[in-house]
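Enquirer: Here's a structure for you.
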Amino acid sequence: MTLDRLANNVIDTDVLVIGGGVAGCPAAAKAAEHGLSVTLVEKSKVDRSGSAGQGMDHYGGAFPRGMTVDEFVEIWKELGWESAWYFGGKFADPNRLYRLYANGQWGVEELEKLGVNMKWYDGKIRPIKSVRQYPFLRIHWMYCKPEMAAGVKKRGVNVLNRTMITDLLTHNGTVVGATAVDTRTGAFTVIRAKATIIATAACSRIYDPETPVPWKYKFRFHWCPASVSGDGWAMGFRAGAEMANFEQTERGYRYRDDLTLSQGNRNNEGVSGNQFTWDGEPMCGRDRADLERQGKTPIYVTIENIGDDFQKRVEIAYVDERMISLKAAQDRGFNPRHHWYELMDDRPNQLHVPPGLLGDMDFKTTLKGLYVIGDSVAGQHDVANAAVSGFLVGDSISSYIKQAAEPIIDEAQVQSIKETVLAPLSVKDGTPPMELECAIRYACNRYVGTFRAEGKIREGLRRLASLKREFLPKLTANNPHFLTRCLEVRNLFDVAELHMLACLERKESRDFQIRLDYPDKDPKYEGMLLHQKLVNGKITLDWKKQGQMTLAGSHKEER
């Protein structure tokens with residue numbers, strides 16, 4: 001049997017980019033600039049896909065050109081590594097982080113070359129000081145994704161919209177391409193590629209949305225829900241790539257009423273709101289767990305103490321990020337300037353920042369031929385890091401392509417994948433994908449939520465295995481669009497299992513892992529990261545030392 005008989009389409013390309021967001025578009029454009037044939041696959045549409053698809057109000061990490069390694073280390077010492085989890089500090093390869101920030105200004109220039117407007121309404125680059133203590137730009141990014149899409153197409157990238165990558169293809173430990181399904185027609189495609197880049201963001205959908213409300217089917221996630229189904233993580237894991245940090249969840253105390261105010265535009269320019277317990281007592285750094293035991297929750301934040309000038313800038317920024325939100329708030333009777341916002345600190349809201357595919361300083365995974373960028377990388381977050389990582393990989397990948405062998409496709413592997421991914425189209429009267437996704441969310445909320453313990457985690461794993469065994473084969477899709485949902489559920493099962501096993505393995509409380517049965521830090525885990533990998537069908541867990549700075553102190557990037 002030949003590939004032409006197995007697949008509706010067979011595509012040959014030098015570089016395959018999976019995901020067309022703020023990381024994927026720069027990677028594809030830069031690789032094409034070097035004369036490579038590039039195929040960009042996006043399960044939505046590149047013009048409005050990804051976490052910044054509807055806009056963005058700020059851009060971080062625009063450090064000046066010429067920063068040395070020593071200067072970078074001093075910045076992070078000043079911040080404090082323990083508090084730098086949001087920027088990936090202690091969870092990532094510090095060499096990679098240095099490269100991201102040292103190339104921050106270059107990234108801004110490259111975005112402008114791609115056609116993205118980096119200027120504020122007055123037509124000027126507007127650097128502002130943030131409470132996060134690192135260079136920060138106020139941007140007008142309502143149309144950043146259409147601008148990126150236009151730049152990518154202008155450079156000759158082959159863009160496949162409404163197409164979902166299902167699995168990576170491997171040959172002798174090397175990634176040689178992927179399989180895909182058209183989410184409108186159901187056409188099955190095989191893509192042969194010398195190098196593959198995963199740029200599919202992180203995962204939030206194993207937990208309930210940020211505003212759970214009574215409707216469990218709502219997709220009210222902080223980032224675009226299509227972008228946070230863990231697709232890249234799951235396909236990399238199934239192919240045998242190494243994963244890291246999956247016991248760590250972000251618990252960033254986001255707003256339950258995020259419709260009218262987001263974290264990003266509140267924390268700008270060194271201005272912050274006031275926080276109070278439910279009965280009006282100031283928070284003043286009090287421990288949230290103690291407040292919970294004292295019956296002082298929920299916790300609220302208000303920005304009514306902030307002047308009108310700042311309020312107006314917040315409203316402009318919010319229009320950039322979520323155009324309809326202020327109108328929705330007005331219709332519901334909310335006044336964004338005076339409304340008290342509940343801080344959602346009763347459970348994790350996403351797997352974000354710490355977990356992901358393990359990537360080195362050159363964004364290479366542990367599988368040859370596979371790169372990872374953006375929020376798909378373990379210990380990496382921020383729209384700036386996503387864009388810069390895309391440009392860096394796109395700029396350097398030609399050196400790998402020149403020495404890469406022609407990709408060899410295993411037809412038996414393709415046949416097996418095809419049978420698995422198209423199976424829901426043949427199931428009648430089966431399980432709707434949204435029902436099963438909500439069951440996964442319930443298991444994660446209930447058993448590996450804010451407070452964890454061995455008994456709860458083991459029960460969660462038992463229930464998750466039962467759901468997977470009984471209902472995953474019964475998923476039904478009456479059209480290719482719902483097949484996409486089924487494939488996302490398959491990915492969510494893999495991510496949820498990785499998460500629960502990692503939570504069980506770390507027998508201590510640290511960062512955002514709270515074990516009631518192990519309430520203290522254990523010194524043996526200091527400086528150690530939990531790595532996971534699929535070997536012969538079983539998940540292995542291994543403790544390894546976190547990355548060390550190996551670049552010389554005087555080294556500096558020359559871009």
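Note on naming: chains are A, B, ... as they come in the structure tokens, residues start from 1 per chain, ligands start from 1 in the order shown.
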So which residues touch A:Val383 within 9 Å, counting only C-alpha atoms, skipping near sequence neighbours fewer than 2 positions away, as a PDB file with C-alpha atoms, in the first residue's frame?
Expert:
```pdb
ATOM      1  CA  VAL A  22       2.237  34.364  17.980  1.00  0.00           C
ATOM      2  CA  ALA A  23       5.022  31.728  18.034  1.00  0.00           C
ATOM      3  CA  SER A  51      -4.155  33.057  22.430  1.00  0.00           C
ATOM      4  CA  ALA A  52      -3.704  36.559  20.991  1.00  0.00           C
ATOM      5  CA  MET A  56      -3.343  41.936  23.001  1.00  0.00           C
ATOM      6  CA  HIS A  58       0.836  44.525  26.320  1.00  0.00           C
ATOM      7  CA  TYR A  59       4.125  43.029  25.149  1.00  0.00           C
ATOM      8  CA  GLY A  60       6.768  42.098  27.712  1.00  0.00           C
ATOM      9  CA  GLY A  61      10.459  41.285  27.642  1.00  0.00           C
ATOM     10  CA  GLY A 374       6.082  29.518  22.609  1.00  0.00           C
ATOM     11  CA  ASP A 375       4.014  28.358  25.566  1.00  0.00           C
ATOM     12  CA  HIS A 381       5.436  31.987  28.941  1.00  0.00           C
ATOM     13  CA  ASN A 385       8.902  34.889  24.533  1.00  0.00           C
ATOM     14  CA  ALA A 386       6.612  33.162  22.052  1.00  0.00           C
ATOM     15  CA  ALA A 387       7.422  35.554  19.205  1.00  0.00           C
ATOM     16  CA  VAL A 388      11.170  35.670  19.886  1.00  0.00           C
TER      17      VAL A 388
END
```
Enquirer: Compile the contact shell of stretch 91-105 of chain A as an mmCIF file with C-alpha atoms, in the first residue's frame: residues with an atom at most 8 Å away, counting only C-alpha atoms, same-chain residues fewer than 4 positions apart removed.
Expert:
```
data_model
loop_
_atom_site.group_PDB
_atom_site.id
_atom_site.type_symbol
_atom_site.label_atom_id
_atom_site.label_comp_id
_atom_site.auth_asym_id
_atom_site.auth_seq_id
_atom_site.Cartn_x
_atom_site.Cartn_y
_atom_site.Cartn_z
ATOM 1 C CA GLY A 61 10.459 41.285 27.642
ATOM 2 C CA ALA A 62 11.698 44.016 25.300
ATOM 3 C CA PHE A 63 15.152 44.150 26.855
ATOM 4 C CA PRO A 64 17.693 46.387 25.089
ATOM 5 C CA ARG A 65 20.133 44.831 22.628
ATOM 6 C CA GLY A 66 23.561 43.746 23.833
ATOM 7 C CA MET A 67 22.703 42.350 27.278
ATOM 8 C CA THR A 68 25.439 39.990 28.500
ATOM 9 C CA VAL A 69 24.864 36.790 30.448
ATOM 10 C CA PHE A 72 20.886 38.834 32.692
ATOM 11 C CA TRP A 85 7.993 31.273 38.292
ATOM 12 C CA GLU A 109 12.154 44.771 14.968
ATOM 13 C CA ASN A 245 7.061 20.046 35.425
ATOM 14 C CA PRO A 354 5.934 25.425 34.303
ATOM 15 C CA GLY A 359 13.411 22.187 25.137
ATOM 16 C CA ASP A 360 17.088 23.116 25.298
ATOM 17 C CA MET A 361 18.672 26.505 24.659
ATOM 18 C CA ASP A 362 18.133 26.022 20.918
ATOM 19 C CA PHE A 363 14.511 24.923 21.447
ATOM 20 C CA ALA A 378 8.375 23.760 29.701
ATOM 21 C CA GLY A 379 9.039 26.864 31.796
ATOM 22 C CA GLN A 380 8.241 29.455 29.149
ATOM 23 C CA ALA A 384 7.187 38.179 23.703
ATOM 24 C CA ASN A 385 8.902 34.889 24.533
ATOM 25 C CA VAL A 388 11.170 35.670 19.886
ATOM 26 C CA SER A 389 11.434 31.878 20.221
ATOM 27 C CA LEU A 529 12.716 18.827 38.000
ATOM 28 C CA GLN A 546 17.342 21.676 36.621
ATOM 29 C CA GLY A 547 19.384 23.329 33.905
ATOM 30 C CA GLN A 548 22.435 25.407 34.752
ATOM 31 C CA MET A 549 23.807 28.488 33.034
ATOM 32 C CA THR A 550 26.537 27.262 30.700
ATOM 33 C CA LEU A 551 27.020 30.358 28.536
ATOM 34 C CA LYS A 556 26.061 38.314 24.339
ATOM 35 C CA GLU A 557 23.812 37.698 21.367
ATOM 36 C CA ARG A 559 21.493 40.112 16.508
#
```
Enquirer: Looking at A:Glu406, A:Asp47, A:Asp308, A:Asp331, which one is nearest to A:Thr13, with distances taken over only C-alpha atoms?
Expert: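 Of all the options, A:Glu406 lies closest to A:Thr13.
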Enquirer: If we count only C-alpha atoms, what is near stretch 420-427 of chain A at a cut-off of 12 Å, once residues fewer than 2 positions away on the same chain are taken out, given as an MDAnalysis selection string?
Expert: chainID A and resid 7 164:167 179:183 185:189 413:418 429:433 471:491
Enquirer: Extract the full set of alpha helix (DSSP H) residues from stretch 428-546 of chain A according to DSSP on the backbone, and format it as an MDAnalysis selection string.
Expert: chainID A and resid 433:447 454:471 480:505
Enquirer: Which residue, A:Lys521, A:Lys218, A:Lys145, A:His555, has the smallest gap to A:Gly50 when you use only C-alpha atoms?
Expert: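 The closest residue to A:Gly50 is A:Lys145.
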